[in-house]
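A.B. asks: Have a look at this one.
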Amino acid sequence: MGEGNLDNSTLLVGLDIGTTSIKVVVADAAHQELQVYGAVAAPTRGMRHGKIVDIDQVAESVKNAIQQVSEKTNSKINRVVTALPVSMLQLENTTGLVNISDSGKEVANEDVQQVMYAAIKAAKKKDRQAVAFFPSRFLIDGEKDVDDPRTMIARSLLVQGLVMTAPSAEIHNINTVLNHAGIRNNFFVPAPMAVSSVALDEAERTFGAILLDMGGGSTTATVIRDGQIKYATVDLKGAADITHDISVVLSTTMSDAEALKRDYGYADPDLASENEKFAIKAVGKDENNLVSEKYLSEIINARLQQILRRVGRGLYNHDALSLPAGVIITGGSALLAGIDELVAADYDVKAKIYQPAQIGLHNPVYSVAYGIVNYANNLSDIGYLANTVIYRDSALASNERLTSAGNSQKNAKRVTRKAENDTELAYNKTKHDGEIDSETRHEEKTNNNENKNKGLAAFFRKFFD
């Protein structure tokens, strides 16, 4: 990692490049428990709805965030582990098979790498590249079902699992940003997998939960069950759109609108006061306007209701709202007072806000970045080997024999077992482009007509749609 007062060789650095802010968490894996040294959230430029639209601007934003956290932790950061938004990802079931020895021999790291390479290669698609592989089972000689085949005697080895892929162009853009910022990426972690590793306990990951990430440029709901992503839906509206609504309706600057939202806003207008008023400077006016908490919160609530309605539609259709763990809320809008009660009421589920408990991270915006370092720290030996196949020596672009990963310093938690017949991946049917079908538009128009006499909130819903 470089030189500094910290032992940089044991540092884990999680990087979450968001639409409105970049989050970086630095932790030390040298101790029995992961120790967080510092975190930074810095503004992002050059992003739109979770995608890079200006490489130089994003690179400068990343460089600035890395520099801030380096100074804060007195460390030099050269390598990171980076989050990938769920909107980029697709899942593919796959199988790989290799011969070990006609007479049988002990399975080594290289053999596990070779069979995972075969599985990942079998799932490769044009214009997409593998970013993660999750083995569900290994079969020795077509019979013995094991979690970890290493050191066992085998003539052949088969693996079944899930390959997670992302668009090659998007991965290229992210890597270019990191290179321009002067850092390299160890590997990518799907953002929902990172959050689930810290926000959910083992039972919740197994029996099912919804992660609702209310970010600056988009809102994502991801269903986690059996330890894996089962479904996700993305709406291309987020916290920045709420701020924009406040700016437009109250004729104030975006920075003032953001401050109003943060200091006085409620997710539910019923929690706000009609009598509590504050002065705002309206653009083009000499005198300040007086605005009540309730009026401000109605502006906020109108956009929130629109987002929750769109996201909730897919969750309802996939029977996700009946999952026992309910909804766990993260992201910038999780800071809005009453957001958990609003989600719980709208979806008729239990809902809670997650924020890391570590000192300096008591903010939901750090959920992904903290989840990344925790995920990386707890990566199993098998998971480590899978990453060496994907990220070391351009394995998928070469037929050269894979090099041994050696012995991982982390002794593994075994990978979660998944149903073998889970061939239909509902997640891949997700609409990631943010478009709304005609039925949804009709539903929203109907809702607006039914509520046309219900005051300000109904007006805003019509205005937004």
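Ordering of the structure tokens sets the chain letters (A, B, ...), residue numbers begin anew at 1 in every chain, and ligands are numbered from 1 in the order given.
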Tell me which protein, DNA and RNA residues are within 8 Å of segment 237-251 of chain A, counting only C-alpha atoms, leaving out same-chain ones fewer than 6 positions away, and put them as a list of chain:residue names.
C.D. replies: A:Thr20, A:His49, A:Met214, A:Gly215, A:Gly216, A:Gly217, A:Ser218, A:Thr219, A:Ala257, A:Glu258, A:Lys261, A:Ala282, A:Val283, A:Leu296, A:Ile299, A:Ile300, A:Arg303, A:Leu304, A:Ile307, A:Gly332, A:Ser333
A.B. asks: Considering only C-alpha atoms, return as a PyMOL selection string whatever protein or nucleic-acid residues lie within 9 Å of Leu34 of chain A, sequence-local ones (same chain, fewer than 3 positions apart) excluded.
C.D. replies: chain A and resi 27-31+373-374+377
A.B. asks: Export, as a PDB file, in the first residue's frame, the selected residues with N, CA and C atoms.
C.D. replies:
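Once written, out.pdb looks like this:
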```pdb
ATOM      1  N   ALA A  27     -10.037   0.673   6.746  1.00  0.00           N
ATOM      2  CA  ALA A  27     -10.054  -0.216   7.903  1.00  0.00           C
ATOM      3  C   ALA A  27      -8.804  -1.076   7.900  1.00  0.00           C
ATOM      4  N   ASP A  28      -8.469  -1.628   9.065  1.00  0.00           N
ATOM      5  CA  ASP A  28      -7.290  -2.471   9.222  1.00  0.00           C
ATOM      6  C   ASP A  28      -7.737  -3.896   9.493  1.00  0.00           C
ATOM      7  N   ALA A  29      -7.248  -4.827   8.670  1.00  0.00           N
ATOM      8  CA  ALA A  29      -7.622  -6.232   8.801  1.00  0.00           C
ATOM      9  C   ALA A  29      -6.627  -7.024   9.637  1.00  0.00           C
ATOM     10  N   ALA A  30      -5.668  -6.339  10.262  1.00  0.00           N
ATOM     11  CA  ALA A  30      -4.624  -7.055  10.989  1.00  0.00           C
ATOM     12  C   ALA A  30      -5.129  -7.608  12.320  1.00  0.00           C
ATOM     13  N   HIS A  31      -6.171  -7.033  12.857  1.00  0.00           N
ATOM     14  CA  HIS A  31      -6.673  -7.444  14.165  1.00  0.00           C
ATOM     15  C   HIS A  31      -7.752  -8.518  14.007  1.00  0.00           C
ATOM     16  N   VAL A 373     -15.540  -3.137   3.018  1.00  0.00           N
ATOM     17  CA  VAL A 373     -14.363  -3.587   3.768  1.00  0.00           C
ATOM     18  C   VAL A 373     -14.707  -4.797   4.630  1.00  0.00           C
ATOM     19  N   ASN A 374     -15.937  -4.831   5.139  1.00  0.00           N
ATOM     20  CA  ASN A 374     -16.345  -6.001   5.924  1.00  0.00           C
ATOM     21  C   ASN A 374     -16.455  -7.236   5.033  1.00  0.00           C
ATOM     22  N   ASN A 377     -12.992  -8.399   4.113  1.00  0.00           N
ATOM     23  CA  ASN A 377     -12.300  -8.980   5.266  1.00  0.00           C
ATOM     24  C   ASN A 377     -12.783 -10.394   5.555  1.00  0.00           C
TER      25      ASN A 377
END
```
A.B. asks: Pick the closest to Phe278 of chain A from A:Gly96, A:Gly371, A:Pro190, A:Gly265: which is it, counting only C-alpha atoms?
C.D. replies: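 The shortest atom-to-atom distance to Phe278 of chain A comes from A:Gly265.
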A.B. asks: Find the residue from A:Thr220, A:Gln305, A:Ser273, A:Ser292 that sits nearest to Leu260 of chain A; use only C-alpha atoms when measuring.
C.D. replies: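 Closest residue, counting only C-alpha atoms: A:Ser292.
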A.B. asks: Mind giving me the straight-line distance from atom CA of Asp340 of chain A to atom CA of Asp268 of chain A in Å, one decimal?
C.D. replies: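 Interatomic distance, atom CA of Asp340 of chain A to atom CA of Asp268 of chain A: 9.8 Å.
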A.B. asks: Hey, can you check how far atom CA of Pro135 of chain A sits from atom CA of Ala386 of chain A?
C.D. replies: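 Calculated distance between atom CA of Pro135 of chain A and atom CA of Ala386 of chain A is 8.6 Å.
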A.B. asks: Excluding Phe188 of chain A and residues on its chain fewer than 5 positions from it, collect all residues at most 12 Å away from it, counting only C-alpha atoms, and give them as JSON, numbers by chain.
C.D. replies: {"A": [13, 14, 15, 16, 17, 79, 80, 81, 82, 83, 84, 85, 86, 88, 89, 129, 130, 131, 132, 133, 164, 165, 166, 171, 174, 175, 193, 194, 369, 372, 373, 375, 376, 387, 388, 390, 391]}
A.B. asks: Could you please write out, as a PyMOL selection string, every residue of segment 212-373 of chain A that DSSP assigns to alpha helix (DSSP H)?
C.D. replies: chain A and resi 239-250+254-264+293-317+339-347+367-373
A.B. asks: From a DSSP calculation on the backbone, collect every residue of segment 124-255 of chain A in strand (DSSP E or B) and output the set as a PyMOL selection string.
C.D. replies: chain A and resi 128-140+144-146+153-154+156-167+184-190+209-214+219-225+228-235
A.B. asks: Could you save the residues just selected, with C-alpha atoms, as a PDB file, in the first residue's frame?
C.D. replies:
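Result saved to result.pdb:
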```
ATOM      1  CA  ARG A 128     -20.195  -8.164 -20.565  1.00  0.00           C
ATOM      2  CA  GLN A 129     -17.514  -9.338 -18.190  1.00  0.00           C
ATOM      3  CA  ALA A 130     -17.536 -11.337 -14.989  1.00  0.00           C
ATOM      4  CA  VAL A 131     -17.156  -9.362 -11.767  1.00  0.00           C
ATOM      5  CA  ALA A 132     -18.024 -12.039  -9.195  1.00  0.00           C
ATOM      6  CA  PHE A 133     -18.586 -15.783  -8.963  1.00  0.00           C
ATOM      7  CA  PHE A 134     -20.549 -17.498  -6.204  1.00  0.00           C
ATOM      8  CA  PRO A 135     -20.121 -21.295  -6.151  1.00  0.00           C
ATOM      9  CA  SER A 136     -23.157 -23.147  -4.785  1.00  0.00           C
ATOM     10  CA  ARG A 137     -21.752 -26.697  -4.872  1.00  0.00           C
ATOM     11  CA  PHE A 138     -18.751 -28.769  -5.855  1.00  0.00           C
ATOM     12  CA  LEU A 139     -19.138 -32.387  -7.004  1.00  0.00           C
ATOM     13  CA  ILE A 140     -16.227 -34.790  -6.693  1.00  0.00           C
ATOM     14  CA  LYS A 144     -19.724 -36.387  -3.576  1.00  0.00           C
ATOM     15  CA  ASP A 145     -21.322 -33.000  -2.864  1.00  0.00           C
ATOM     16  CA  VAL A 146     -18.973 -30.710  -0.891  1.00  0.00           C
ATOM     17  CA  ILE A 153      -9.040 -37.075  -3.523  1.00  0.00           C
ATOM     18  CA  ALA A 154     -10.758 -36.672  -6.890  1.00  0.00           C
ATOM     19  CA  SER A 156     -12.917 -35.061 -11.707  1.00  0.00           C
ATOM     20  CA  LEU A 157     -14.310 -31.873 -10.211  1.00  0.00           C
ATOM     21  CA  LEU A 158     -17.536 -30.057 -11.106  1.00  0.00           C
ATOM     22  CA  VAL A 159     -18.744 -26.698  -9.822  1.00  0.00           C
ATOM     23  CA  GLN A 160     -22.173 -25.099 -10.063  1.00  0.00           C
ATOM     24  CA  GLY A 161     -22.811 -21.490  -9.189  1.00  0.00           C
ATOM     25  CA  LEU A 162     -23.786 -17.988 -10.189  1.00  0.00           C
ATOM     26  CA  VAL A 163     -21.676 -15.634 -12.284  1.00  0.00           C
ATOM     27  CA  MET A 164     -22.338 -11.944 -11.863  1.00  0.00           C
ATOM     28  CA  THR A 165     -21.531  -9.830 -14.920  1.00  0.00           C
ATOM     29  CA  ALA A 166     -21.448  -6.124 -15.751  1.00  0.00           C
ATOM     30  CA  PRO A 167     -21.186  -4.197 -19.036  1.00  0.00           C
ATOM     31  CA  ARG A 184      -5.960   0.509  -8.664  1.00  0.00           C
ATOM     32  CA  ASN A 185      -8.913  -1.721  -7.962  1.00  0.00           C
ATOM     33  CA  ASN A 186      -8.404  -5.070  -6.221  1.00  0.00           C
ATOM     34  CA  PHE A 187     -11.867  -6.311  -7.165  1.00  0.00           C
ATOM     35  CA  PHE A 188     -15.499  -5.245  -7.389  1.00  0.00           C
ATOM     36  CA  VAL A 189     -18.217  -6.003  -4.860  1.00  0.00           C
ATOM     37  CA  PRO A 190     -21.931  -5.739  -5.727  1.00  0.00           C
ATOM     38  CA  ALA A 209     -34.983  -9.046   3.334  1.00  0.00           C
ATOM     39  CA  ILE A 210     -35.311  -5.977   1.127  1.00  0.00           C
ATOM     40  CA  LEU A 211     -32.435  -3.509   1.006  1.00  0.00           C
ATOM     41  CA  LEU A 212     -33.791  -0.085   0.070  1.00  0.00           C
ATOM     42  CA  ASP A 213     -30.892   2.166  -0.934  1.00  0.00           C
ATOM     43  CA  MET A 214     -32.195   5.707  -1.268  1.00  0.00           C
ATOM     44  CA  THR A 219     -33.316   4.491  -5.549  1.00  0.00           C
ATOM     45  CA  THR A 220     -32.689   0.751  -5.540  1.00  0.00           C
ATOM     46  CA  ALA A 221     -34.626  -2.039  -3.859  1.00  0.00           C
ATOM     47  CA  THR A 222     -32.806  -5.372  -3.751  1.00  0.00           C
ATOM     48  CA  VAL A 223     -34.180  -8.654  -2.457  1.00  0.00           C
ATOM     49  CA  ILE A 224     -31.630 -10.766  -0.592  1.00  0.00           C
ATOM     50  CA  ARG A 225     -32.557 -14.377   0.093  1.00  0.00           C
ATOM     51  CA  GLN A 228     -27.841 -13.956  -2.757  1.00  0.00           C
ATOM     52  CA  ILE A 229     -29.517 -11.284  -4.864  1.00  0.00           C
ATOM     53  CA  LYS A 230     -32.857 -12.613  -6.057  1.00  0.00           C
ATOM     54  CA  TYR A 231     -34.493  -9.516  -7.496  1.00  0.00           C
ATOM     55  CA  ALA A 232     -33.774  -5.816  -7.850  1.00  0.00           C
ATOM     56  CA  THR A 233     -35.601  -2.793  -9.151  1.00  0.00           C
ATOM     57  CA  VAL A 234     -34.157   0.636  -9.837  1.00  0.00           C
ATOM     58  CA  ASP A 235     -35.886   4.008 -10.042  1.00  0.00           C
TER      59      ASP A 235
END
```
A.B. asks: Which residues are close to Ile55 of chain A, i.e. within 9 Å by only C-alpha atoms, leaving aside same-chain residues fewer than 2 positions away? Reply as a list in words.
C.D. replies: Gly46, Met47, Ile52, Val53, Gln57, Val58, Ala59, Glu60, Asn173, Ile174, Thr176, Val177 and His180 of chain A
A.B. asks: Could you save the residues just selected, with N, CA and C atoms, as a PDB file, in the first residue's frame?
C.D. replies:
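Written output follows (selection.pdb):
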```pdb
ATOM      1  N   GLY A  46     -19.558  14.702 -12.405  1.00  0.00           N
ATOM      2  CA  GLY A  46     -19.367  13.855 -13.570  1.00  0.00           C
ATOM      3  C   GLY A  46     -20.161  12.568 -13.565  1.00  0.00           C
ATOM      4  N   MET A  47     -21.134  12.456 -12.648  1.00  0.00           N
ATOM      5  CA  MET A  47     -21.997  11.278 -12.582  1.00  0.00           C
ATOM      6  C   MET A  47     -23.439  11.683 -12.837  1.00  0.00           C
ATOM      7  N   ILE A  52     -21.149   7.091 -15.096  1.00  0.00           N
ATOM      8  CA  ILE A  52     -20.120   8.080 -15.375  1.00  0.00           C
ATOM      9  C   ILE A  52     -20.434   8.778 -16.699  1.00  0.00           C
ATOM     10  N   VAL A  53     -20.501  10.104 -16.659  1.00  0.00           N
ATOM     11  CA  VAL A  53     -20.734  10.875 -17.878  1.00  0.00           C
ATOM     12  C   VAL A  53     -19.544  11.770 -18.209  1.00  0.00           C
ATOM     13  N   GLN A  57     -13.898  14.435 -14.581  1.00  0.00           N
ATOM     14  CA  GLN A  57     -14.517  15.011 -13.394  1.00  0.00           C
ATOM     15  C   GLN A  57     -14.669  13.977 -12.278  1.00  0.00           C
ATOM     16  N   VAL A  58     -15.086  12.765 -12.636  1.00  0.00           N
ATOM     17  CA  VAL A  58     -15.229  11.721 -11.624  1.00  0.00           C
ATOM     18  C   VAL A  58     -13.862  11.351 -11.054  1.00  0.00           C
ATOM     19  N   ALA A  59     -12.861  11.251 -11.923  1.00  0.00           N
ATOM     20  CA  ALA A  59     -11.510  10.919 -11.459  1.00  0.00           C
ATOM     21  C   ALA A  59     -11.002  11.959 -10.470  1.00  0.00           C
ATOM     22  N   GLU A  60     -11.245  13.217 -10.764  1.00  0.00           N
ATOM     23  CA  GLU A  60     -10.815  14.277  -9.849  1.00  0.00           C
ATOM     24  C   GLU A  60     -11.565  14.189  -8.521  1.00  0.00           C
ATOM     25  N   ASN A 173     -14.853   2.181 -17.921  1.00  0.00           N
ATOM     26  CA  ASN A 173     -14.941   3.569 -17.474  1.00  0.00           C
ATOM     27  C   ASN A 173     -14.525   3.708 -16.006  1.00  0.00           C
ATOM     28  N   ILE A 174     -14.986   2.790 -15.163  1.00  0.00           N
ATOM     29  CA  ILE A 174     -14.632   2.853 -13.743  1.00  0.00           C
ATOM     30  C   ILE A 174     -13.135   2.657 -13.562  1.00  0.00           C
ATOM     31  N   THR A 176     -10.797   3.241 -15.697  1.00  0.00           N
ATOM     32  CA  THR A 176     -10.119   4.423 -16.212  1.00  0.00           C
ATOM     33  C   THR A 176     -10.152   5.556 -15.191  1.00  0.00           C
ATOM     34  N   VAL A 177     -11.300   5.733 -14.558  1.00  0.00           N
ATOM     35  CA  VAL A 177     -11.417   6.749 -13.496  1.00  0.00           C
ATOM     36  C   VAL A 177     -10.405   6.472 -12.392  1.00  0.00           C
ATOM     37  N   HIS A 180      -6.849   7.212 -13.532  1.00  0.00           N
ATOM     38  CA  HIS A 180      -6.600   8.656 -13.583  1.00  0.00           C
ATOM     39  C   HIS A 180      -6.477   9.251 -12.185  1.00  0.00           C
TER      40      HIS A 180
END
```
A.B. asks: Given only C-alpha atoms as the basis, pick out the residue of A:Gln355, A:Ser103, A:Asn378, A:Asn109 nearest to Thr151 of chain A.
C.D. replies: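 Residue with the minimum atom-to-atom distance to Thr151 of chain A: A:Asn109.
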A.B. asks: From the options A:His318, A:Arg309, A:Lys23, A:Lys126, which residue's atoms come nearest to Gln68 of chain A, counting only C-alpha atoms?
C.D. replies: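 Looking at the shortest contact to Gln68 of chain A, the residue is A:Lys23.
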A.B. asks: Can you pull out every residue within 10 Å of Asn275 of chain A, counting only C-alpha atoms, but drop anything in the same chain fewer than 4 positions away, and send it as a PyMOL selection string?
C.D. replies: chain A and resi 291-294
